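Trainee: Pasting start.txt below, which is compact mmCIF, C-alpha atoms and all ligand atoms.
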```txt
# COMPACT_ATOMS: atom_id res chain seq x y z
CA MET A 275 88.15 -17.31 -140.17
CA GLU A 276 90.08 -18.23 -143.30
CA GLY A 277 93.07 -16.22 -144.61
CA SER A 278 93.66 -15.75 -148.33
CA GLU A 279 96.23 -18.05 -149.95
CA GLY A 280 99.78 -17.49 -148.74
CA SER A 281 98.79 -15.31 -145.78
CA GLN A 282 98.50 -16.24 -142.12
CA PRO A 283 95.06 -17.37 -141.04
CA VAL A 284 93.56 -14.09 -139.76
CA GLY A 285 92.80 -15.52 -136.35
CA LEU A 286 96.48 -16.22 -135.54
CA LYS A 287 97.95 -12.75 -135.88
CA PHE A 288 95.76 -11.12 -133.24
CA GLU A 289 96.48 -11.10 -129.54
CA GLY A 290 93.55 -10.98 -127.19
CA PRO A 291 91.02 -10.09 -126.08
CA ARG A 292 93.06 -9.40 -122.97
CA ALA A 293 93.77 -6.61 -120.50
CA PRO A 294 96.48 -4.21 -121.65
CA SER A 295 99.73 -4.18 -119.66
CA GLU A 296 100.77 -1.01 -117.78
CA ASN A 297 103.14 -0.23 -120.67
CA GLU A 298 100.40 -0.63 -123.26
CA TRP A 299 97.94 1.61 -121.39
CA PRO A 300 99.11 4.88 -123.06
CA LEU A 301 98.68 3.17 -126.46
CA VAL A 302 95.10 2.33 -125.51
CA ILE A 303 94.31 5.93 -124.54
CA ASN A 304 95.85 7.17 -127.82
CA PHE A 305 93.85 4.63 -129.81
CA LEU A 306 90.60 5.68 -128.11
CA THR A 307 91.26 9.39 -128.51
CA LYS A 308 92.20 8.99 -132.18
CA SER A 309 89.21 6.73 -132.92
CA LEU A 310 86.46 8.32 -130.82
CA ARG A 311 87.48 11.98 -130.37
CA PRO A 312 89.40 12.94 -133.53
CA GLY A 313 90.11 16.65 -133.61
CA ASN A 314 89.14 17.27 -129.99
CA LYS A 315 91.41 19.23 -127.67
CA TRP A 316 91.19 16.69 -124.88
CA SER A 317 91.96 12.99 -124.56
CA MET A 318 89.46 10.24 -123.78
CA LEU A 319 91.17 9.95 -120.40
CA ASP A 320 90.17 13.54 -119.59
CA GLU A 321 86.58 12.69 -120.47
CA TYR A 322 86.39 9.33 -118.65
CA PRO A 323 88.90 9.78 -115.81
CA THR A 324 87.47 7.07 -113.55
CA SER A 325 86.88 4.28 -116.10
CA LEU A 326 90.00 4.80 -118.26
CA ALA A 327 92.53 5.54 -115.49
CA ARG A 328 95.77 3.52 -115.56
CA SER A 329 94.60 1.81 -112.35
CA GLN A 330 91.62 0.46 -114.32
CA ALA A 331 93.71 -1.24 -117.03
CA HIS A 332 92.72 -4.66 -115.63
CA ASN A 333 89.09 -3.89 -116.58
CA MET A 334 89.98 -2.95 -120.16
CA ARG A 335 90.03 -5.47 -122.98
CA VAL A 336 92.02 -4.98 -126.17
CA ILE A 337 92.92 -6.86 -129.31
CA ILE A 338 96.45 -6.17 -130.50
CA GLU A 339 98.00 -6.70 -133.92
CA ASP A 340 101.74 -6.14 -134.38
CA GLY A 341 101.91 -4.03 -131.23
CA ASN A 342 98.96 -1.85 -132.28
CA VAL A 343 95.61 -1.70 -130.52
CA ILE A 344 92.88 -2.46 -133.05
CA ALA A 345 89.85 -2.90 -130.78
CA HIS A 346 88.87 -1.97 -127.23
CA ALA A 347 86.14 -1.95 -124.59
CA VAL A 348 86.20 -1.26 -120.86
CA PHE A 349 83.93 -2.26 -118.03
CA LYS A 350 83.70 -0.15 -114.92
CA PRO A 351 82.41 -1.93 -111.82
CA ILE A 352 80.04 0.41 -109.98
CA ILE A 353 78.88 -0.30 -106.44
CA LEU A 354 75.31 0.91 -106.42
CA LYS A 355 73.36 1.59 -103.23
CA THR A 356 69.59 1.15 -103.72
CA PRO A 357 66.62 0.63 -101.37
CA MET A 358 66.73 -3.04 -102.46
CA GLY A 359 70.31 -3.46 -101.38
CA VAL A 360 73.73 -2.99 -102.88
CA PHE A 361 74.25 -4.05 -106.49
CA LYS A 362 77.49 -4.42 -108.35
CA VAL A 363 77.05 -3.13 -111.89
CA ALA A 364 79.40 -3.45 -114.86
CA ALA A 365 79.08 -0.32 -116.99
CA ILE A 366 80.55 -1.04 -120.42
CA GLY A 367 81.88 1.69 -122.67
CA SER A 368 84.48 2.98 -125.12
CA VAL A 369 83.63 0.09 -127.46
CA VAL A 370 85.46 0.58 -130.75
CA THR A 371 87.18 -1.36 -133.51
CA ALA A 372 89.58 0.39 -135.91
CA ASP A 373 87.96 1.10 -139.32
CA ASP A 374 89.95 -1.48 -141.28
CA TYR A 375 89.18 -4.29 -138.83
CA ARG A 376 85.43 -4.05 -138.53
CA ASN A 377 82.98 -6.90 -139.18
CA GLN A 378 85.46 -9.58 -138.18
CA GLY A 379 83.92 -10.24 -134.78
CA HIS A 380 86.51 -8.29 -132.72
CA SER A 381 84.03 -6.21 -130.72
CA THR A 382 81.83 -9.22 -130.16
CA ARG A 383 84.75 -11.13 -128.65
CA ILE A 384 85.89 -8.13 -126.61
CA ILE A 385 82.45 -7.56 -125.09
CA GLU A 386 82.10 -11.27 -124.33
CA SER A 387 85.45 -11.08 -122.56
CA CYS A 388 84.27 -8.01 -120.57
CA LEU A 389 81.07 -9.87 -119.61
CA HIS A 390 83.06 -12.92 -118.52
CA ALA A 391 85.36 -10.77 -116.36
CA ALA A 392 82.36 -8.86 -114.97
CA ARG A 393 80.76 -12.16 -113.92
CA GLN A 394 84.02 -13.27 -112.32
CA ALA A 395 84.01 -9.95 -110.43
CA ASP A 396 80.50 -10.75 -109.14
CA CYS A 397 78.72 -8.02 -111.07
CA ASP A 398 74.94 -8.50 -110.92
CA PHE A 399 74.26 -7.00 -114.33
CA ALA A 400 75.91 -5.07 -117.16
CA ILE A 401 74.67 -1.80 -118.62
CA LEU A 402 75.68 0.33 -121.59
CA TRP A 403 74.47 3.35 -123.51
CA THR A 404 74.26 3.11 -127.28
CA ASP A 405 72.08 3.54 -130.33
CA LEU A 406 73.34 0.29 -131.92
CA PHE A 407 70.47 -1.68 -130.40
CA ASP A 408 70.64 -4.71 -132.70
CA PHE A 409 74.40 -5.08 -132.35
CA TYR A 410 74.05 -5.38 -128.56
CA ARG A 411 70.88 -7.50 -128.73
CA ARG A 412 72.98 -10.22 -130.36
CA LEU A 413 75.05 -10.18 -127.16
CA GLY A 414 71.99 -10.55 -124.92
CA PHE A 415 71.43 -6.89 -124.01
CA GLU A 416 67.97 -5.33 -124.12
CA LEU A 417 66.58 -1.85 -123.46
CA ALA A 418 65.34 -1.65 -119.88
CA GLY A 419 65.15 0.60 -116.83
CA GLY A 420 63.56 4.01 -116.88
CA GLU A 421 64.77 7.51 -117.59
CA VAL A 422 62.68 10.66 -117.46
CA SER A 423 63.92 13.76 -119.22
CA ILE A 424 62.18 17.04 -118.56
CA ALA A 425 62.39 20.23 -120.59
CA ILE A 426 63.49 23.15 -118.43
CA ASP A 427 62.07 25.77 -120.77
CA ARG A 428 60.67 28.23 -118.23
CA ASP A 429 61.23 29.57 -114.72
CA VAL A 430 60.49 26.72 -112.33
CA SER A 431 60.98 28.65 -109.07
CA THR A 432 60.50 32.16 -107.72
CA SER A 433 62.48 31.54 -104.54
CA THR A 434 65.06 34.14 -103.52
CA ALA A 435 66.41 32.09 -100.61
CA PHE A 436 69.64 30.96 -102.28
CA THR A 437 72.80 32.33 -103.80
CA PHE A 438 74.53 30.64 -106.73
CA ASN A 439 78.01 29.84 -107.87
CA ASP A 440 78.93 28.80 -111.41
CA SER A 441 82.36 27.30 -111.12
CA ASN A 442 83.81 23.80 -111.12
CA ARG A 443 86.20 24.97 -108.40
CA VAL A 444 83.87 23.83 -105.68
CA ALA A 445 84.70 21.66 -102.68
CA ALA A 446 84.42 18.00 -103.66
CA ASP A 447 83.39 17.04 -100.12
CA ALA A 448 80.39 19.40 -100.24
CA ILE A 449 79.25 17.85 -103.55
CA LEU A 450 79.80 14.33 -102.22
CA ARG A 451 77.77 15.07 -99.06
CA VAL A 452 74.77 16.14 -101.16
CA PHE A 453 75.26 13.30 -103.68
CA ASN A 454 75.22 10.71 -100.89
CA GLN A 455 71.71 11.82 -99.89
CA HIS A 456 70.28 10.12 -103.00
CA SER A 457 68.41 6.87 -102.35
CA VAL A 458 70.09 5.35 -105.43
CA ALA A 459 73.73 6.32 -105.83
CA SER A 460 77.11 4.83 -106.65
CA HIS A 461 79.96 4.61 -104.20
CA ARG A 462 82.30 7.52 -104.98
CA THR A 463 85.45 8.76 -103.33
CA LEU A 464 86.53 12.39 -103.00
CA GLU A 465 89.15 11.64 -105.66
CA ASP A 466 86.41 10.44 -108.02
CA VAL A 467 84.45 13.66 -107.53
CA ARG A 468 87.57 15.81 -108.03
CA ALA A 469 88.33 13.96 -111.28
CA MET A 470 84.74 14.37 -112.48
CA LEU A 471 84.75 18.11 -111.73
CA ALA A 472 87.69 18.41 -114.15
CA ILE A 473 85.99 16.69 -117.14
CA PRO A 474 86.11 19.02 -120.17
CA ASN A 475 82.81 20.73 -121.07
CA THR A 476 81.36 19.94 -117.65
CA ARG A 477 79.60 22.96 -116.19
CA VAL A 478 78.78 22.79 -112.50
CA SER A 479 76.45 25.21 -110.72
CA THR A 480 75.74 25.20 -107.01
CA ALA A 481 73.13 26.72 -104.69
CA TRP A 482 74.03 27.93 -101.20
CA ASP A 483 71.78 28.83 -98.28
CA GLN A 484 72.12 31.91 -96.08
CA THR A 485 74.48 30.12 -93.69
CA GLY A 486 76.90 29.46 -96.55
CA LYS A 487 76.10 25.75 -96.87
CA LEU A 488 75.98 24.04 -100.29
CA VAL A 489 72.36 22.84 -100.59
CA ALA A 490 72.10 21.83 -104.26
CA TYR A 491 74.29 21.18 -107.26
CA ALA A 492 73.67 20.48 -110.93
CA VAL A 493 76.01 19.42 -113.71
CA GLU A 494 75.45 20.08 -117.41
CA GLY A 495 77.59 18.66 -120.25
CA LYS A 496 80.30 16.02 -120.16
CA GLY A 497 83.06 15.85 -122.76
CA ALA A 498 81.56 15.33 -126.21
CA ASP A 499 78.19 14.23 -124.83
CA LEU A 500 75.31 15.59 -122.84
CA ASP A 501 75.55 19.20 -124.01
CA GLY A 502 72.45 20.95 -122.67
CA TYR A 503 71.59 17.99 -120.41
CA ILE A 504 71.67 18.23 -116.64
CA HIS A 505 72.75 14.66 -115.95
CA GLU A 506 73.83 15.06 -112.34
CA TRP A 507 72.12 16.93 -109.59
CA GLY A 508 71.38 16.76 -105.91
CA GLY A 509 69.91 18.67 -102.99
CA SER A 510 66.48 19.66 -101.73
CA ASN A 511 63.81 20.15 -104.37
CA GLU A 512 63.36 23.80 -103.37
CA ALA A 513 67.05 24.61 -103.80
CA LEU A 514 67.36 22.54 -106.96
CA LEU A 515 64.39 24.20 -108.69
CA SER A 516 65.83 27.59 -107.85
CA LEU A 517 69.21 26.45 -109.24
CA LEU A 518 67.65 25.18 -112.49
CA THR A 519 65.93 28.53 -113.00
CA HIS A 520 69.27 30.25 -112.42
CA MET A 521 71.16 27.95 -114.84
CA ARG A 522 68.68 28.49 -117.66
CA LYS A 523 69.02 32.28 -117.25
CA LEU A 524 72.80 32.04 -117.06
CA GLN A 525 73.16 29.84 -120.14
CA LYS A 526 70.44 31.76 -122.05
CA ARG A 527 68.98 28.53 -123.40
CA ASP A 528 66.52 25.82 -122.46
CA LEU A 529 68.02 22.79 -120.72
CA ARG A 530 66.91 19.21 -120.13
CA LEU A 531 66.99 17.52 -116.76
CA MET A 532 67.61 13.76 -116.69
CA ALA A 533 66.00 12.04 -113.74
CA PRO A 534 65.12 8.59 -112.43
CA ALA A 535 61.41 7.75 -112.42
CA HIS A 536 61.55 7.44 -108.62
CA ALA A 537 62.27 11.20 -108.30
CA GLN A 538 58.50 11.52 -108.21
CA ASN A 539 58.16 14.78 -106.26
CA LEU A 540 60.64 16.64 -108.42
CA ILE A 541 59.05 15.36 -111.64
CA ALA A 542 55.53 16.20 -110.41
CA THR A 543 56.58 19.73 -109.41
CA LEU A 544 58.23 20.39 -112.77
CA LYS A 545 55.21 19.04 -114.64
CA ALA A 546 52.91 21.25 -112.54
CA THR A 547 54.85 24.29 -113.77
CA GLY A 548 54.16 23.16 -117.36
CA CYS A 549 57.48 21.48 -118.23
CA ALA A 550 57.06 18.58 -120.66
CA GLU A 551 58.48 15.17 -119.75
CA HIS A 552 59.74 12.40 -121.99
CA ARG A 553 59.97 8.83 -120.71
CA GLY A 554 62.61 6.54 -122.17
CA TYR A 555 64.90 3.69 -121.24
CA LEU A 556 67.84 3.96 -118.90
CA GLY A 557 70.11 1.90 -121.14
CA MET A 558 70.75 -1.57 -122.52
CA ILE A 559 71.02 -4.11 -119.71
CA LYS A 560 72.07 -7.75 -119.45
CA ILE A 561 71.60 -9.76 -116.28
CA LEU A 562 74.78 -11.54 -115.21
CA LYS A 563 73.91 -13.06 -111.80
CA THR A 564 70.26 -14.08 -111.74
CA ASP A 565 70.50 -15.81 -108.35
CA SER A 566 72.09 -12.78 -106.67
CA ILE A 567 69.43 -10.41 -108.07
CA PHE A 568 66.62 -12.79 -107.10
CA ALA A 569 67.97 -13.05 -103.54
CA LYS A 570 67.92 -9.24 -103.20
CA VAL A 571 64.38 -9.02 -104.59
CA HIS A 572 63.20 -11.71 -102.16
CA ARG A 573 64.86 -10.01 -99.19
CA PHE A 574 63.30 -6.69 -100.14
CA ALA A 575 59.86 -8.32 -100.62
CA LYS A 576 60.11 -9.79 -97.11
CA SER A 577 60.98 -6.35 -95.71
CA GLN A 578 57.74 -5.15 -97.32
CA GLY A 579 55.77 -7.95 -95.62
CA ILE A 580 55.56 -10.14 -98.74
CA ASN A 581 56.81 -13.59 -97.75
CA ASP A 582 55.44 -15.67 -100.64
CA LEU A 583 56.93 -13.91 -103.65
CA ILE A 584 58.10 -16.31 -106.35
CA LEU A 585 61.05 -15.45 -108.55
CA THR A 586 63.02 -18.50 -109.58
CA GLU A 587 65.03 -19.96 -112.41
CA SER A 588 64.83 -23.65 -113.35
CA PHE A 589 67.48 -25.54 -115.20
CA THR A 590 67.63 -28.56 -117.41
CA GLY A 591 70.21 -31.27 -116.69
CA ASP A 592 72.99 -29.41 -118.49
CA ARG A 593 72.32 -26.21 -116.52
CA ALA A 594 70.77 -24.40 -119.51
CA PRO A 595 67.94 -22.31 -118.05
CA VAL A 596 64.55 -23.51 -119.24
CA LYS A 597 62.34 -20.98 -117.64
CA PHE A 598 61.88 -18.26 -115.11
CA GLU A 599 58.95 -18.47 -112.74
CA PHE A 600 57.47 -15.50 -110.95
CA GLY A 601 54.30 -14.81 -109.03
CA ARG A 602 52.94 -15.15 -105.54
CA GLY A 603 51.75 -18.13 -103.51
CA SER A 604 50.11 -20.61 -105.86
CA SER A 605 49.80 -18.09 -108.74
CA ARG A 606 52.80 -18.85 -110.88
CA TYR A 607 53.71 -17.41 -114.25
CA SER A 608 56.56 -18.59 -116.38
CA THR A 609 58.62 -17.42 -119.31
CA ASP A 610 61.73 -18.64 -121.07
CA SER A 611 62.48 -15.14 -122.36
CA GLU A 612 65.35 -13.27 -120.72
CA THR A 613 63.82 -10.05 -122.04
CA ASP A 614 60.58 -10.75 -120.12
CA LEU A 615 62.62 -11.25 -116.99
CA LEU A 616 64.72 -8.15 -117.61
CA ARG A 617 61.63 -5.96 -118.04
CA LEU A 618 59.97 -7.47 -115.00
CA VAL A 619 63.00 -6.70 -112.82
CA PHE A 620 64.15 -3.39 -114.34
CA GLY A 621 60.98 -2.04 -115.96
CA PRO A 622 60.42 0.72 -116.84
CA GLU A 623 56.78 -0.43 -116.75
CA LYS A 624 55.16 -1.84 -113.62
CA PRO A 625 54.83 -5.65 -113.61
CA SER A 626 51.01 -5.38 -113.62
CA THR A 627 51.07 -3.53 -116.95
CA GLN A 628 53.30 -6.19 -118.52
CA HIS A 629 51.33 -9.36 -117.67
CA LYS A 630 47.85 -10.32 -116.56
CA PHE A 631 48.24 -11.20 -112.88
CA ASP A 632 45.54 -11.90 -110.33
CA GLY A 633 45.00 -9.01 -107.90
CA PRO A 634 47.21 -10.07 -104.95
CA THR A 635 50.08 -11.06 -107.24
CA ALA A 636 49.88 -7.76 -109.14
CA ASP A 637 49.88 -5.84 -105.86
CA ALA A 638 52.87 -7.73 -104.51
CA LEU A 639 54.95 -7.48 -107.68
CA ASP A 640 54.15 -3.79 -108.17
CA LYS A 641 55.21 -3.08 -104.61
CA VAL A 642 58.61 -4.64 -105.17
CA LEU A 643 59.45 -4.18 -108.86
CA PRO A 644 60.79 -2.65 -110.99
CA LEU A 645 63.81 -2.08 -108.81
CA ARG A 646 64.84 1.52 -108.35
CA LEU A 647 67.80 1.83 -110.65
CA TRP A 648 69.68 4.88 -111.78
CA ILE A 649 73.21 5.53 -112.94
CA TRP A 650 74.18 9.19 -112.57
CA GLY A 651 75.64 10.89 -115.63
CA TRP A 652 79.15 11.20 -114.21
CA ASP A 653 79.20 7.40 -113.77
CA SER A 654 78.15 6.60 -117.34
CA VAL A 655 81.02 5.32 -119.49
C1 LIG B 701 80.19 -0.89 -133.49
C2 LIG B 701 81.60 -1.46 -133.61
C3 LIG B 701 82.27 -1.33 -132.26
C4 LIG B 701 81.50 -2.91 -134.04
O1 LIG B 701 82.82 -3.46 -134.04
P1 LIG B 701 83.17 -4.76 -134.91
O2 LIG B 701 84.47 -5.26 -134.42
O3 LIG B 701 83.02 -4.45 -136.34
O4 LIG B 701 82.00 -5.70 -134.42
P2 LIG B 701 81.77 -7.22 -134.81
O5 LIG B 701 82.64 -7.58 -135.97
O6 LIG B 701 81.90 -8.02 -133.58
O7 LIG B 701 80.28 -7.20 -135.23
C5 LIG B 701 79.84 -6.24 -136.19
C6 LIG B 701 79.10 -6.89 -137.29
O8 LIG B 701 79.94 -7.86 -137.88
C7 LIG B 701 79.28 -9.12 -137.89
N1 LIG B 701 80.28 -10.12 -137.52
C8 LIG B 701 80.49 -10.65 -136.30
N2 LIG B 701 81.43 -11.57 -136.35
C9 LIG B 701 81.84 -11.64 -137.62
C10 LIG B 701 82.81 -12.42 -138.30
N3 LIG B 701 83.54 -13.33 -137.67
N4 LIG B 701 82.99 -12.19 -139.60
C11 LIG B 701 82.27 -11.28 -140.26
N5 LIG B 701 81.33 -10.54 -139.67
C12 LIG B 701 81.10 -10.71 -138.37
C13 LIG B 701 78.21 -9.04 -136.87
O9 LIG B 701 77.14 -9.88 -137.24
C14 LIG B 701 77.85 -7.60 -136.88
O10 LIG B 701 76.91 -7.41 -137.89
P3 LIG B 701 75.56 -6.63 -137.65
O11 LIG B 701 75.72 -5.40 -138.45
O12 LIG B 701 74.53 -7.55 -138.17
O13 LIG B 701 75.43 -6.34 -136.18
C15 LIG B 701 82.42 -0.72 -134.68
O14 LIG B 701 81.65 -0.61 -135.84
C16 LIG B 701 82.87 0.65 -134.26
O15 LIG B 701 83.97 0.81 -133.71
N6 LIG B 701 82.06 1.71 -134.50
C17 LIG B 701 82.40 3.08 -134.13
C18 LIG B 701 82.36 3.30 -132.64
C19 LIG B 701 81.03 2.92 -132.06
O16 LIG B 701 79.99 3.26 -132.58
N7 LIG B 701 81.09 2.22 -130.92
C20 LIG B 701 79.91 1.73 -130.23
C21 LIG B 701 79.57 2.68 -129.16
S1 LIG B 701 78.31 1.99 -128.16
```
Would you encode the structure as structure tokens?

Mentor:
Amino acid sequence: MEGSEGSQPVGLKFEGPRAPSENEWPLVINFLTKSLRPGNKWSMLDEYPTSLARSQAHNMRVIIEDGNVIAHAVFKPIILKTPMGVFKVAAIGSVVTADDYRNQGHSTRIIESCLHAARQADCDFAILWTDLFDFYRRLGFELAGGEVSIAIDRDVSTSTAFTFNDSNRVAADAILRVFNQHSVASHRTLEDVRAMLAIPNTRVSTAWDQTGKLVAYAVEGKGADLDGYIHEWGGSNEALLSLLTHMRKLQKRDLRLMAPAHAQNLIATLKATGCAEHRGYLGMIKILKTDSIFAKVHRFAKSQGINDLILTESFTGDRAPVKFEFGRGSSRYSTDSETDLLRLVFGPEKPSTQHKFDGPTADALDKVLPLRLWIWGWDSV
């Protein structure tokens, strides 16, 4: 970058990207609140208590000019339990450059720094939620993974077996117990759940059985986002459907439930009652550790009795990947496109609908992929 005559070259006056120091952390929160939530009653820390906490400063990246923060992004490492094994995911968020400093490459450098740190921290892949698709495509992200949203625009249960409570003052351990029953869920502590229950504009409703046990919960709204969306839920289908019916009556409006595609029973039941579904992408994803993901896919394939699955990456002499190979036995398919690989691994479509495979290969790949991935709303950054 060239400076105009007599001024410093622009590149020299900026510090970073780097993690903010403990002392700088309040400046970062102020910058984010001013830039991303002007006029709101709460701070960005209230809205993202787990990713923007002071203890997470080492995962933040800032660019500083004359003591002022002018650009920021954070990555939150999430430990995700799935049927295919445990994945470490870097969720990237709060990406912003101050108005007067845009289009100078600051966010690009900050995100690259987050990705570098996420790789160093052994994250398997990075994910983010945005509508700036082309901006993130330049950085190697692509839309992938599946998300089903279902209109809750009618009664979806007639059960009278449960009682309901509509308060965020609910025992965090009861919520965590139900949350941990999900087949795909992040590692959360009681402290995390307590912090999430306090996020502004988060409305939590719970269903209780006749013995006084919490059997389902659902969360609608989160800070400035997700108004009208139930982005977190858990519990038996029967209790949850009853709770959804209750919440719609309580709020006197239709709601939308966000669900992973693998919640097949719930989705099928809601569709059978006439609720419309919409299928979209989970987010924008970038693979960071191909070998680690491939090892988990292979291990899972073996557990399913598939011992000859092929999923490999070949390199040229200078370690630049030339192609990815996938298939089964002697049926090999190859691509040099990271997007092809991303969609094969994360979907949302089945492998057999993406490529023309022979029968046994299609069966094997469809049994294993796409991997069951879901990030619950409270974990999104
Ligand atoms: C989106 C946002 C973060 C981008 O920040 P930025 O620092 O301007 O980003 P960059 O400069 O790295 O890249 C932006 C553009 O500048 C261009 N650019 C990159 N490096 C450049 C450089 N050295 N010189 C000039 N332009 C450059 C890029 O090509 C890109 O152009 P595009 O419109 O074709 O994508 C910023 O506009 C912003 O804060 N928006 C409001 C908050 C927001 O929407 N955040 C994203 C939430 S997911």

Trainee: May I ask for the distance between atom CA of Tyr491 of chain A and atom CA of Gly367 of chain A, given in Å to one decimal place?

Mentor: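 Rounded to one decimal, the two atoms are 26.0 Å apart.
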
Trainee: Do you know which residues are within 8 Å of ligand LIG 701 (chain B) using all atoms listed in the file? Can you write them as a list in words?

Mentor: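 Written in the requested form, the residues are Met275, Ser309, Leu310, Ala345, Gly367, Ser368, Val369, Val370, Thr371, Ala372, Asp373, Tyr375, Arg376, Asn377, Gln378, Gly379, His380, Ser381, Thr382, Arg383, Leu402, Trp403, Thr404, Asp405, Leu406, Asp408, Phe409, Tyr410 and Arg412 of chain A.
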
Trainee: Which one is closest to Val655 of chain A: A:Lys350, A:Arg530, A:His572, A:Lys496? Count only C-alpha atoms.

Mentor: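 Among the listed residues, A:Lys350 lies closest to Val655 of chain A.
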
Trainee: Work out how far apart atom CA of Thr485 of chain A and atom CA of Phe436 of chain A are and give it in Å to one decimal.

Mentor: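 Taking atom CA of Thr485 of chain A and atom CA of Phe436 of chain A, their separation equals 9.9 Å.
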
Trainee: For atom CA of Gly290 of chain A and atom CA of Asn304 of chain A, quote the distance in Å rounded to one decimal.

Mentor: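 A separation of 18.3 Å between them.
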